[in-house]
Structure formats: C-alpha cells, structure tokens
file start_22.tsv (TSV, C-alpha atoms)
chain	number	residue	atom	x	y	z
B	25	MET	CA	-16.92	-4.73	-3.53
B	26	ARG	CA	-13.19	-5.36	-3.40
B	27	ASP	CA	-11.01	-8.42	-2.96
B	28	ALA	CA	-8.54	-6.68	-0.64
B	29	PHE	CA	-6.13	-9.58	-0.46
B	30	ALA	CA	-5.70	-9.87	-4.21
B	31	HIS	CA	-6.20	-6.15	-4.91
B	32	ILE	CA	-9.04	-6.70	-7.35
B	33	ASP	CA	-11.87	-4.15	-7.58
B	34	GLU	CA	-15.37	-4.79	-8.80
B	35	GLU	CA	-17.15	-2.21	-10.88
B	36	PHE	CA	-20.58	-1.90	-12.45
B	37	ARG	CA	-20.17	-1.21	-16.19
B	38	ARG	CA	-22.39	-0.48	-19.15
B	39	ASP	CA	-21.48	-1.51	-22.68
B	40	GLY	CA	-24.13	-0.02	-24.93
B	41	SER	CA	-27.42	-1.42	-23.66
B	42	VAL	CA	-25.77	-4.24	-21.70
B	43	SER	CA	-24.96	-3.75	-18.02
B	44	TYR	CA	-22.65	-6.04	-16.10
B	45	THR	CA	-20.29	-6.27	-13.15
B	46	ALA	CA	-16.59	-6.56	-13.91
B	47	GLN	CA	-13.61	-7.59	-11.83
B	48	VAL	CA	-10.89	-4.98	-12.32
B	49	PHE	CA	-7.11	-4.72	-12.07
B	50	ARG	CA	-5.94	-1.08	-11.96
B	51	CYS	CA	-2.43	0.02	-12.90
B	52	SER	CA	-0.54	1.08	-9.77
B	53	VAL	CA	1.64	3.69	-11.49
B	54	PRO	CA	0.65	7.13	-10.18
B	55	GLY	CA	-1.34	9.03	-12.77
B	56	CYS	CA	-1.99	5.98	-14.96
B	57	GLN	CA	-5.69	5.39	-15.54
B	58	ASN	CA	-5.36	2.02	-17.31
B	59	ALA	CA	-7.43	-0.89	-16.05
B	60	ALA	CA	-8.11	-4.47	-17.11
B	61	TYR	CA	-11.81	-5.42	-16.94
B	62	PHE	CA	-13.06	-8.98	-16.77
B	63	LYS	CA	-16.81	-9.55	-17.05
B	64	LYS	CA	-18.10	-11.34	-13.99
B	65	GLN	CA	-20.51	-14.15	-14.67
B	66	LYS	CA	-22.67	-15.58	-11.86
B	67	ILE	CA	-19.68	-16.08	-9.57
B	68	ARG	CA	-16.40	-14.24	-9.14
B	69	LYS	CA	-13.40	-15.64	-10.99
B	70	PRO	CA	-10.55	-16.70	-8.70
B	71	PRO	CA	-7.71	-14.14	-8.45
B	72	GLU	CA	-5.18	-16.57	-9.94
B	73	GLN	CA	-7.36	-17.10	-13.03
B	74	LEU	CA	-7.81	-13.35	-13.50
B	75	ALA	CA	-4.06	-12.78	-13.04
B	76	LYS	CA	-3.30	-15.32	-15.75
B	77	MET	CA	-5.80	-13.69	-18.11
B	78	ALA	CA	-4.33	-10.23	-17.46
B	79	THR	CA	-0.75	-11.50	-17.86
B	80	ASN	CA	-1.70	-12.93	-21.26
B	81	ASN	CA	-2.75	-9.38	-22.20
B	82	GLY	CA	0.64	-7.87	-21.25
B	83	TRP	CA	-0.10	-6.95	-17.62
B	84	LYS	CA	2.27	-7.68	-14.76
B	85	ILE	CA	0.12	-8.71	-11.78
B	86	ASP	CA	1.13	-8.83	-8.11
B	87	LEU	CA	-1.78	-10.28	-6.14
B	88	LYS	CA	-0.04	-9.85	-2.77
B	89	LYS	CA	1.02	-6.19	-2.96
B	90	GLY	CA	-1.39	-4.89	-5.59
B	91	GLN	CA	1.43	-3.43	-7.65
B	92	HIS	CA	-0.25	-4.20	-10.99
B	93	LEU	CA	1.38	-2.77	-14.12
B	94	CYS	CA	-0.49	-2.23	-17.36
B	95	PRO	CA	1.19	-3.12	-20.67
B	96	THR	CA	2.25	0.54	-21.05
B	97	ASP	CA	4.00	0.59	-17.67
B	98	ASN	CA	5.11	-3.05	-17.48
B	99	GLU	CA	8.89	-2.65	-17.28
B	100	GLU	CA	9.54	-5.86	-19.20
B	101	THR	CA	7.36	-4.65	-22.09
B	102	VAL	CA	8.50	-1.03	-21.91
B	103	LEU	CA	12.20	-1.75	-21.86
B	104	LYS	CA	11.96	-3.73	-25.08
B	105	THR	CA	10.82	-0.68	-27.06
B	106	PRO	CA	12.65	2.54	-26.04
B	107	GLU	CA	16.32	3.13	-26.53
B	108	LEU	CA	18.49	4.44	-23.70
B	109	THR	CA	20.79	6.78	-25.59
B	110	VAL	CA	23.89	8.28	-23.98
B	111	GLU	CA	22.19	11.69	-23.98
B	112	LEU	CA	19.02	10.34	-22.31
B	113	ARG	CA	21.08	8.39	-19.77
B	114	ARG	CA	22.91	11.62	-18.82
B	115	LYS	CA	19.64	13.56	-18.45
B	116	ILE	CA	18.17	10.85	-16.27
B	117	PHE	CA	21.37	10.62	-14.20
B	118	ARG	CA	21.44	14.39	-13.60
B	119	GLU	CA	17.78	14.47	-12.59
B	120	ILE	CA	18.16	11.54	-10.19
B	121	ASP	CA	21.34	13.07	-8.76
B	122	ASP	CA	19.41	16.25	-7.93
B	123	CYS	CA	16.61	14.30	-6.22
B	124	TYR	CA	18.41	11.44	-4.48
B	125	ASP	CA	19.46	11.35	-0.82
B	126	ASP	CA	22.62	9.25	-0.60
B	127	LYS	CA	22.46	9.01	3.20
B	128	LYS	CA	18.92	7.63	3.19
B	129	THR	CA	19.51	5.74	-0.08
B	130	SER	CA	16.19	6.90	-1.46
B	131	TYR	CA	14.53	9.67	-3.37
B	132	VAL	CA	13.59	12.81	-1.47
B	133	LEU	CA	9.91	13.10	-0.57
B	134	ASP	CA	7.42	13.10	-3.47
B	135	VAL	CA	9.99	12.10	-6.12
B	136	THR	CA	9.59	8.77	-7.92
B	137	ASP	CA	10.91	7.07	-11.03
B	138	GLN	CA	7.54	7.90	-12.58
B	139	SER	CA	7.73	11.63	-11.75
B	140	ILE	CA	11.23	11.89	-13.22
B	141	ALA	CA	10.15	9.95	-16.32
B	142	SER	CA	7.19	12.29	-16.77
B	143	LYS	CA	9.42	15.36	-16.40
B	144	LEU	CA	11.90	14.02	-18.98
B	145	ASN	CA	9.17	12.66	-21.27
B	146	THR	CA	10.46	9.10	-21.16
B	147	VAL	CA	9.35	5.78	-19.66
B	148	TRP	CA	9.80	5.11	-15.97
B	149	GLY	CA	11.50	1.77	-16.59
B	150	LEU	CA	14.53	3.55	-18.04
B	151	VAL	CA	14.70	5.87	-15.03
B	152	ALA	CA	14.49	2.85	-12.71
B	153	LYS	CA	17.28	1.15	-14.66
B	154	VAL	CA	19.64	4.16	-14.36
B	155	ARG	CA	18.77	4.62	-10.68
B	156	GLU	CA	19.37	0.96	-9.82
B	157	GLU	CA	22.68	0.88	-11.70
B	158	ASN	CA	24.05	4.12	-10.23
B	159	PHE	CA	22.27	5.08	-7.02
B	160	GLY	CA	20.36	2.33	-5.27
B	161	PRO	CA	16.78	1.69	-4.21
B	162	ALA	CA	14.00	4.20	-4.88
B	163	GLY	CA	13.10	4.14	-1.21
B	164	PRO	CA	9.71	3.99	0.37
B	165	ASN	CA	6.53	4.87	-1.44
B	166	PRO	CA	6.29	8.70	-1.18
B	167	GLU	CA	2.61	8.49	-0.23
B	168	ILE	CA	3.49	6.14	2.64
B	169	ALA	CA	6.37	8.40	3.71
B	170	LYS	CA	4.05	11.44	3.72
B	171	MET	CA	1.42	9.53	5.69
B	172	GLU	CA	4.07	8.43	8.21
B	173	LYS	CA	5.21	12.06	8.56
B	174	ASP	CA	1.61	13.22	9.02
B	175	LEU	CA	0.98	10.42	11.51
B	176	THR	CA	4.02	11.42	13.57
B	177	ALA	CA	2.87	15.06	13.62
B	178	LEU	CA	-0.64	14.02	14.62
B	179	ALA	CA	0.70	11.74	17.39
B	180	LEU	CA	2.75	14.66	18.77
B	181	LYS	CA	-0.33	16.89	18.66
B	182	ALA	CA	-2.40	14.23	20.47
B	183	GLN	CA	0.32	13.84	23.13
B	184	ALA	CA	0.40	17.62	23.68
B	185	ALA	CA	-3.40	17.69	24.02
B	186	GLU	CA	-3.27	14.78	26.47
B	187	ASP	CA	-0.58	16.54	28.55
B	188	SER	CA	-2.65	19.72	28.55
B	189	ALA	CA	-5.74	17.78	29.64
B	190	LEU	CA	-3.80	16.11	32.46
B	191	ARG	CA	-2.54	19.53	33.65
B	192	ALA	CA	-6.10	20.89	33.51
B	193	ALA	CA	-7.39	17.88	35.47
B	194	GLN	CA	-4.69	18.40	38.10
B	195	GLN	CA	-5.56	22.11	38.36
B	196	ALA	CA	-9.25	21.19	38.71
B	197	GLU	CA	-8.42	18.75	41.51
B	198	GLU	CA	-6.35	21.39	43.31
B	199	ALA	CA	-9.12	24.01	42.91
B	200	THR	CA	-11.72	21.50	44.16
B	201	ALA	CA	-9.53	20.78	47.21
B	202	GLU	CA	-9.19	24.53	47.87
B	203	VAL	CA	-12.99	24.97	47.57
B	204	ALA	CA	-13.53	22.11	50.04
B	205	ALA	CA	-11.02	23.62	52.48
B	206	LEU	CA	-12.63	27.06	52.24
B	207	ARG	CA	-16.11	25.58	52.76
B	208	LYS	CA	-14.89	23.71	55.83
B	209	ARG	CA	-13.30	26.88	57.17
B	210	LEU	CA	-16.51	28.86	56.41
B	211	GLU	CA	-18.64	26.28	58.16
B	212	GLY	CA	-16.34	26.52	61.19
B	213	MET	CA	-16.83	30.28	61.29
B	214	LYS	CA	-20.63	30.09	61.31

call {"tool": "encode", "arguments": {"input": "start_22.tsv", "output": "structure tokens"}}
result
Amino acid sequence: MRDAFAHIDEEFRRDGSVSYTAQVFRCSVPGCQNAAYFKKQKIRKPPEQLAKMATNNGWKIDLKKGQHLCPTDNEETVLKTPELTVELRRKIFREIDDCYDDKKTSYVLDVTDQSIASKLNTVWGLVAKVREENFGPAGPNPEIAKMEKDLTALALKAQAAEDSALRAAQQAEEATAEVAALRKRLEGMK
C-alpha cells in the first residue's frame, strides 16, 4: 500500500523472528537506496508525524512532491561537511559547462547534479551550489523529460496510424461503392 499524496510506502519487514509492516520514506536521489522505516502499529501514523520523526533523524521530507532526502543526501547536512576547494570548484564548473544548455537554461538530457557529483566523486550539494551560482536552474527532471519525449513520439506514431486507418476506411468505402455499381450494372445486363 502507498500513501500517494504524502509519498510514503508501506513495506512488510522481518527483523529476526519478528515480522511487521513499516511505513517508509525513500531517498529520491537517483541511485540512493537509503530509506527510513517506521514500524506501523495497529493504525498508520499520520504523514506529518512521520515527517517530524524522519526530520529528527536528519532527513529532509517533502510530503507534497516526494522529494525526500536521506541524511547522506540532505544538502543542509552535506554542505556542512565537505570543503569546496578552488580545484574542486573548477572541476565542477568545467563539467557543468560541458553539460549545460544556456538557451534552455538546463542540463542536457540525462545529466543531473547527482550524475556530475558521482563522476567527480563528490557530493551533489556542491555541484548544485556551483550550478546555481554560475549557470542557473538544473532544469526538468531528466526522467520526466525523457518520458515527455517518448510521449511525443508515441503521439506522432498514433496520429500516423489513425491517418492510415482513415485512408484505408476511405478506400474501403470507395471499393464498396464500385462493387455496388458493378453489381447494379451486372443485374441490368441479366
């Protein structure tokens, strides 16, 4: 079961010999497998209560959009620990510059702060900081952009199939009319 509005999953878990159902926040950073589990008693805990509990454990929770960040990826926590050296700033800048579309003010398809951070072996919060200071917004979610591209291609394919079907229906009507005319003519000849 899933609380779609608050982006909270439910999962059956086993802890040794004890089985239970847990309400779960999952980190929204691509590739991150971190999750916060809260044992469900007889009734589900309200989303606001779970969010407060997760926040106390270092999570950043967004109940409306589901953009939950684990303590490892929580920008506020992450940015307190690593140092943005001049050398690292330059590396990040160069990488973003190679992957950023100034006209669209966004990354090119499939590039994210997280993918650049992974490539440079740093935290995504530092990449986001350099991008925001020097380039602009990250742009749309690459998965959404890919889905929109696929949807457009599929809509064009559907339109072409519909046009083809309409042409075939028109040809069938014309052939049926020709058959009827020939039958009438044949009947007149008999």

call {"tool": "atom_distance", "arguments": {"input": "start_22.tsv", "atom1": "CA of Asp126 in chain B", "atom2": "CA of Glu156 in chain B"}}
result
12.8 Å

call {"tool": "residues_near_point", "arguments": {"input": "start_22.tsv", "point": "(10.6, 6.6, -22.1)", "cutoff": "9 Å", "atoms": "only C-alpha atoms", "output": "list in words"}}
result
Val102, Leu103, Thr105, Pro106, Glu107, Leu108, Ala141, Ser142, Leu144, Asn145, Thr146, Val147, Trp148, Gly149, Leu150 and Val151 of chain B

call {"tool": "write_last_selection", "arguments": {"input": "start_22.tsv", "atoms": "C-alpha atoms", "output": "mmCIF file, in the coordinates of the input"}}
result
data_model
loop_
_atom_site.group_PDB
_atom_site.id
_atom_site.type_symbol
_atom_site.label_atom_id
_atom_site.label_comp_id
_atom_site.auth_asym_id
_atom_site.auth_seq_id
_atom_site.Cartn_x
_atom_site.Cartn_y
_atom_site.Cartn_z
ATOM 1 C CA VAL B 102 8.500 -1.030 -21.910
ATOM 2 C CA LEU B 103 12.200 -1.750 -21.860
ATOM 3 C CA THR B 105 10.820 -0.680 -27.060
ATOM 4 C CA PRO B 106 12.650 2.540 -26.040
ATOM 5 C CA GLU B 107 16.320 3.130 -26.530
ATOM 6 C CA LEU B 108 18.490 4.440 -23.700
ATOM 7 C CA ALA B 141 10.150 9.950 -16.320
ATOM 8 C CA SER B 142 7.190 12.290 -16.770
ATOM 9 C CA LEU B 144 11.900 14.020 -18.980
ATOM 10 C CA ASN B 145 9.170 12.660 -21.270
ATOM 11 C CA THR B 146 10.460 9.100 -21.160
ATOM 12 C CA VAL B 147 9.350 5.780 -19.660
ATOM 13 C CA TRP B 148 9.800 5.110 -15.970
ATOM 14 C CA GLY B 149 11.500 1.770 -16.590
ATOM 15 C CA LEU B 150 14.530 3.550 -18.040
ATOM 16 C CA VAL B 151 14.700 5.870 -15.030
#

call {"tool": "atom_distance", "arguments": {"input": "start_22.tsv", "atom1": "CA of Cys123 in chain B", "atom2": "CA of Val135 in chain B"}}
result
7.0 Å

call {"tool": "residues_around", "arguments": {"input": "start_22.tsv", "residues": "Glu35 in chain B", "least_positions_apart": "5", "cutoff": "10 Å", "atoms": "all atoms listed in the file", "output": "PDB file with C-alpha atoms, in the frame of the given file"}}
result
ATOM      1  CA  MET B  25     -16.920  -4.730  -3.530  1.00  0.00           C
ATOM      2  CA  ARG B  26     -13.190  -5.360  -3.400  1.00  0.00           C
ATOM      3  CA  TYR B  44     -22.650  -6.040 -16.100  1.00  0.00           C
ATOM      4  CA  THR B  45     -20.290  -6.270 -13.150  1.00  0.00           C
ATOM      5  CA  ALA B  46     -16.590  -6.560 -13.910  1.00  0.00           C
ATOM      6  CA  GLN B  47     -13.610  -7.590 -11.830  1.00  0.00           C
ATOM      7  CA  VAL B  48     -10.890  -4.980 -12.320  1.00  0.00           C
ATOM      8  CA  TYR B  61     -11.810  -5.420 -16.940  1.00  0.00           C
ATOM      9  CA  PHE B  62     -13.060  -8.980 -16.770  1.00  0.00           C
ATOM     10  CA  LYS B  63     -16.810  -9.550 -17.050  1.00  0.00           C
ATOM     11  CA  LYS B  64     -18.100 -11.340 -13.990  1.00  0.00           C
TER      12      LYS B  64
END

call {"tool": "atom_distance", "arguments": {"input": "start_22.tsv", "atom1": "CA of Glu72 in chain B", "atom2": "CA of Ile85 in chain B"}}
result
9.7 Å

call {"tool": "residues_around", "arguments": {"input": "start_22.tsv", "residues": "His31 in chain B", "least_positions_apart": "6", "cutoff": "10 Å", "atoms": "all atoms listed in the file", "output": "JSON, numbers by chain"}}
result
{"B": [48, 49, 50, 71, 85, 86, 87, 88, 89, 90, 91, 92]}

call {"tool": "closest_residue", "arguments": {"input": "start_22.tsv", "among": "B:Ala199, B:Ala185, B:Leu133, B:Ala205", "to": "Lys173 in chain B", "atoms": "all atoms listed in the file"}}
result
B:Leu133

call {"tool": "build_atoms", "arguments": {"input": "start_22.tsv", "residues": "range 147-183 of chain B", "atoms": "N, CA and C atoms", "output": "PDB file, in the coordinates of the input"}}
result
ATOM      1  N   VAL B 147      10.062   6.830 -20.411  1.00  0.00           N
ATOM      2  CA  VAL B 147       9.350   5.780 -19.660  1.00  0.00           C
ATOM      3  C   VAL B 147      10.050   5.560 -18.325  1.00  0.00           C
ATOM      4  N   TRP B 148       9.257   5.242 -17.323  1.00  0.00           N
ATOM      5  CA  TRP B 148       9.800   5.110 -15.970  1.00  0.00           C
ATOM      6  C   TRP B 148      10.762   3.946 -15.843  1.00  0.00           C
ATOM      7  N   GLY B 149      10.606   2.923 -16.662  1.00  0.00           N
ATOM      8  CA  GLY B 149      11.500   1.770 -16.590  1.00  0.00           C
ATOM      9  C   GLY B 149      12.953   2.142 -16.863  1.00  0.00           C
ATOM     10  N   LEU B 150      13.164   3.106 -17.754  1.00  0.00           N
ATOM     11  CA  LEU B 150      14.530   3.550 -18.040  1.00  0.00           C
ATOM     12  C   LEU B 150      15.098   4.328 -16.855  1.00  0.00           C
ATOM     13  N   VAL B 151      14.266   5.127 -16.215  1.00  0.00           N
ATOM     14  CA  VAL B 151      14.700   5.870 -15.030  1.00  0.00           C
ATOM     15  C   VAL B 151      15.072   4.878 -13.936  1.00  0.00           C
ATOM     16  N   ALA B 152      14.225   3.869 -13.740  1.00  0.00           N
ATOM     17  CA  ALA B 152      14.490   2.850 -12.710  1.00  0.00           C
ATOM     18  C   ALA B 152      15.801   2.130 -13.006  1.00  0.00           C
ATOM     19  N   LYS B 153      16.042   1.844 -14.270  1.00  0.00           N
ATOM     20  CA  LYS B 153      17.280   1.150 -14.660  1.00  0.00           C
ATOM     21  C   LYS B 153      18.506   1.992 -14.306  1.00  0.00           C
ATOM     22  N   VAL B 154      18.505   3.279 -14.657  1.00  0.00           N
ATOM     23  CA  VAL B 154      19.640   4.160 -14.360  1.00  0.00           C
ATOM     24  C   VAL B 154      19.810   4.307 -12.847  1.00  0.00           C
ATOM     25  N   ARG B 155      18.696   4.482 -12.131  1.00  0.00           N
ATOM     26  CA  ARG B 155      18.770   4.620 -10.680  1.00  0.00           C
ATOM     27  C   ARG B 155      19.354   3.374 -10.030  1.00  0.00           C
ATOM     28  N   GLU B 156      18.877   2.203 -10.415  1.00  0.00           N
ATOM     29  CA  GLU B 156      19.370   0.960  -9.820  1.00  0.00           C
ATOM     30  C   GLU B 156      20.844   0.732 -10.112  1.00  0.00           C
ATOM     31  N   GLU B 157      21.276   1.075 -11.315  1.00  0.00           N
ATOM     32  CA  GLU B 157      22.680   0.880 -11.700  1.00  0.00           C
ATOM     33  C   GLU B 157      23.628   1.859 -11.011  1.00  0.00           C
ATOM     34  N   ASN B 158      23.159   3.067 -10.705  1.00  0.00           N
ATOM     35  CA  ASN B 158      24.050   4.120 -10.230  1.00  0.00           C
ATOM     36  C   ASN B 158      23.790   4.659  -8.833  1.00  0.00           C
ATOM     37  N   PHE B 159      22.611   4.457  -8.301  1.00  0.00           N
ATOM     38  CA  PHE B 159      22.270   5.080  -7.020  1.00  0.00           C
ATOM     39  C   PHE B 159      21.849   4.077  -5.950  1.00  0.00           C
ATOM     40  N   GLY B 160      20.887   3.258  -6.259  1.00  0.00           N
ATOM     41  CA  GLY B 160      20.360   2.330  -5.270  1.00  0.00           C
ATOM     42  C   GLY B 160      18.848   2.276  -5.319  1.00  0.00           C
ATOM     43  N   PRO B 161      18.241   1.854  -4.216  1.00  0.00           N
ATOM     44  CA  PRO B 161      16.780   1.690  -4.210  1.00  0.00           C
ATOM     45  C   PRO B 161      16.053   3.040  -4.293  1.00  0.00           C
ATOM     46  N   ALA B 162      14.822   2.984  -4.768  1.00  0.00           N
ATOM     47  CA  ALA B 162      14.000   4.200  -4.880  1.00  0.00           C
ATOM     48  C   ALA B 162      13.588   4.682  -3.506  1.00  0.00           C
ATOM     49  N   GLY B 163      13.528   3.766  -2.563  1.00  0.00           N
ATOM     50  CA  GLY B 163      13.100   4.140  -1.210  1.00  0.00           C
ATOM     51  C   GLY B 163      11.642   3.834  -1.015  1.00  0.00           C
ATOM     52  N   PRO B 164      11.107   4.285   0.091  1.00  0.00           N
ATOM     53  CA  PRO B 164       9.710   3.990   0.370  1.00  0.00           C
ATOM     54  C   PRO B 164       8.774   4.734  -0.564  1.00  0.00           C
ATOM     55  N   ASN B 165       7.571   4.227  -0.659  1.00  0.00           N
ATOM     56  CA  ASN B 165       6.530   4.870  -1.440  1.00  0.00           C
ATOM     57  C   ASN B 165       6.333   6.281  -0.870  1.00  0.00           C
ATOM     58  N   PRO B 166       6.405   7.340  -1.699  1.00  0.00           N
ATOM     59  CA  PRO B 166       6.290   8.700  -1.180  1.00  0.00           C
ATOM     60  C   PRO B 166       4.966   8.960  -0.460  1.00  0.00           C
ATOM     61  N   GLU B 167       3.894   8.312  -0.906  1.00  0.00           N
ATOM     62  CA  GLU B 167       2.610   8.490  -0.230  1.00  0.00           C
ATOM     63  C   GLU B 167       2.682   7.921   1.186  1.00  0.00           C
ATOM     64  N   ILE B 168       3.338   6.757   1.324  1.00  0.00           N
ATOM     65  CA  ILE B 168       3.490   6.140   2.640  1.00  0.00           C
ATOM     66  C   ILE B 168       4.381   7.021   3.516  1.00  0.00           C
ATOM     67  N   ALA B 169       5.468   7.535   2.944  1.00  0.00           N
ATOM     68  CA  ALA B 169       6.370   8.400   3.710  1.00  0.00           C
ATOM     69  C   ALA B 169       5.644   9.650   4.185  1.00  0.00           C
ATOM     70  N   LYS B 170       4.807  10.250   3.319  1.00  0.00           N
ATOM     71  CA  LYS B 170       4.050  11.440   3.720  1.00  0.00           C
ATOM     72  C   LYS B 170       3.053  11.079   4.814  1.00  0.00           C
ATOM     73  N   MET B 171       2.381   9.945   4.670  1.00  0.00           N
ATOM     74  CA  MET B 171       1.420   9.530   5.690  1.00  0.00           C
ATOM     75  C   MET B 171       2.123   9.279   7.025  1.00  0.00           C
ATOM     76  N   GLU B 172       3.313   8.667   6.974  1.00  0.00           N
ATOM     77  CA  GLU B 172       4.070   8.430   8.210  1.00  0.00           C
ATOM     78  C   GLU B 172       4.459   9.755   8.858  1.00  0.00           C
ATOM     79  N   LYS B 173       4.858  10.735   8.043  1.00  0.00           N
ATOM     80  CA  LYS B 173       5.210  12.060   8.560  1.00  0.00           C
ATOM     81  C   LYS B 173       3.988  12.718   9.196  1.00  0.00           C
ATOM     82  N   ASP B 174       2.850  12.650   8.496  1.00  0.00           N
ATOM     83  CA  ASP B 174       1.610  13.220   9.020  1.00  0.00           C
ATOM     84  C   ASP B 174       1.176  12.513  10.301  1.00  0.00           C
ATOM     85  N   LEU B 175       1.346  11.201  10.331  1.00  0.00           N
ATOM     86  CA  LEU B 175       0.980  10.420  11.510  1.00  0.00           C
ATOM     87  C   LEU B 175       1.834  10.811  12.710  1.00  0.00           C
ATOM     88  N   THR B 176       3.126  10.998  12.490  1.00  0.00           N
ATOM     89  CA  THR B 176       4.020  11.420  13.570  1.00  0.00           C
ATOM     90  C   THR B 176       3.607  12.790  14.106  1.00  0.00           C
ATOM     91  N   ALA B 177       3.301  13.724  13.207  1.00  0.00           N
ATOM     92  CA  ALA B 177       2.870  15.060  13.620  1.00  0.00           C
ATOM     93  C   ALA B 177       1.566  15.001  14.403  1.00  0.00           C
ATOM     94  N   LEU B 178       0.650  14.165  13.934  1.00  0.00           N
ATOM     95  CA  LEU B 178      -0.640  14.020  14.620  1.00  0.00           C
ATOM     96  C   LEU B 178      -0.457  13.372  15.989  1.00  0.00           C
ATOM     97  N   ALA B 179       0.430  12.400  16.099  1.00  0.00           N
ATOM     98  CA  ALA B 179       0.700  11.740  17.390  1.00  0.00           C
ATOM     99  C   ALA B 179       1.286  12.747  18.380  1.00  0.00           C
ATOM    100  N   LEU B 180       2.178  13.617  17.902  1.00  0.00           N
ATOM    101  CA  LEU B 180       2.750  14.660  18.770  1.00  0.00           C
ATOM    102  C   LEU B 180       1.669  15.634  19.229  1.00  0.00           C
ATOM    103  N   LYS B 181       0.776  15.989  18.331  1.00  0.00           N
ATOM    104  CA  LYS B 181      -0.330  16.890  18.660  1.00  0.00           C
ATOM    105  C   LYS B 181      -1.250  16.244  19.703  1.00  0.00           C
ATOM    106  N   ALA B 182      -1.546  14.950  19.512  1.00  0.00           N
ATOM    107  CA  ALA B 182      -2.400  14.230  20.470  1.00  0.00           C
ATOM    108  C   ALA B 182      -1.727  14.156  21.833  1.00  0.00           C
ATOM    109  N   GLN B 183      -0.416  13.917  21.857  1.00  0.00           N
ATOM    110  CA  GLN B 183       0.320  13.840  23.130  1.00  0.00           C
ATOM    111  C   GLN B 183       0.280  15.192  23.840  1.00  0.00           C
TER     112      GLN B 183
END
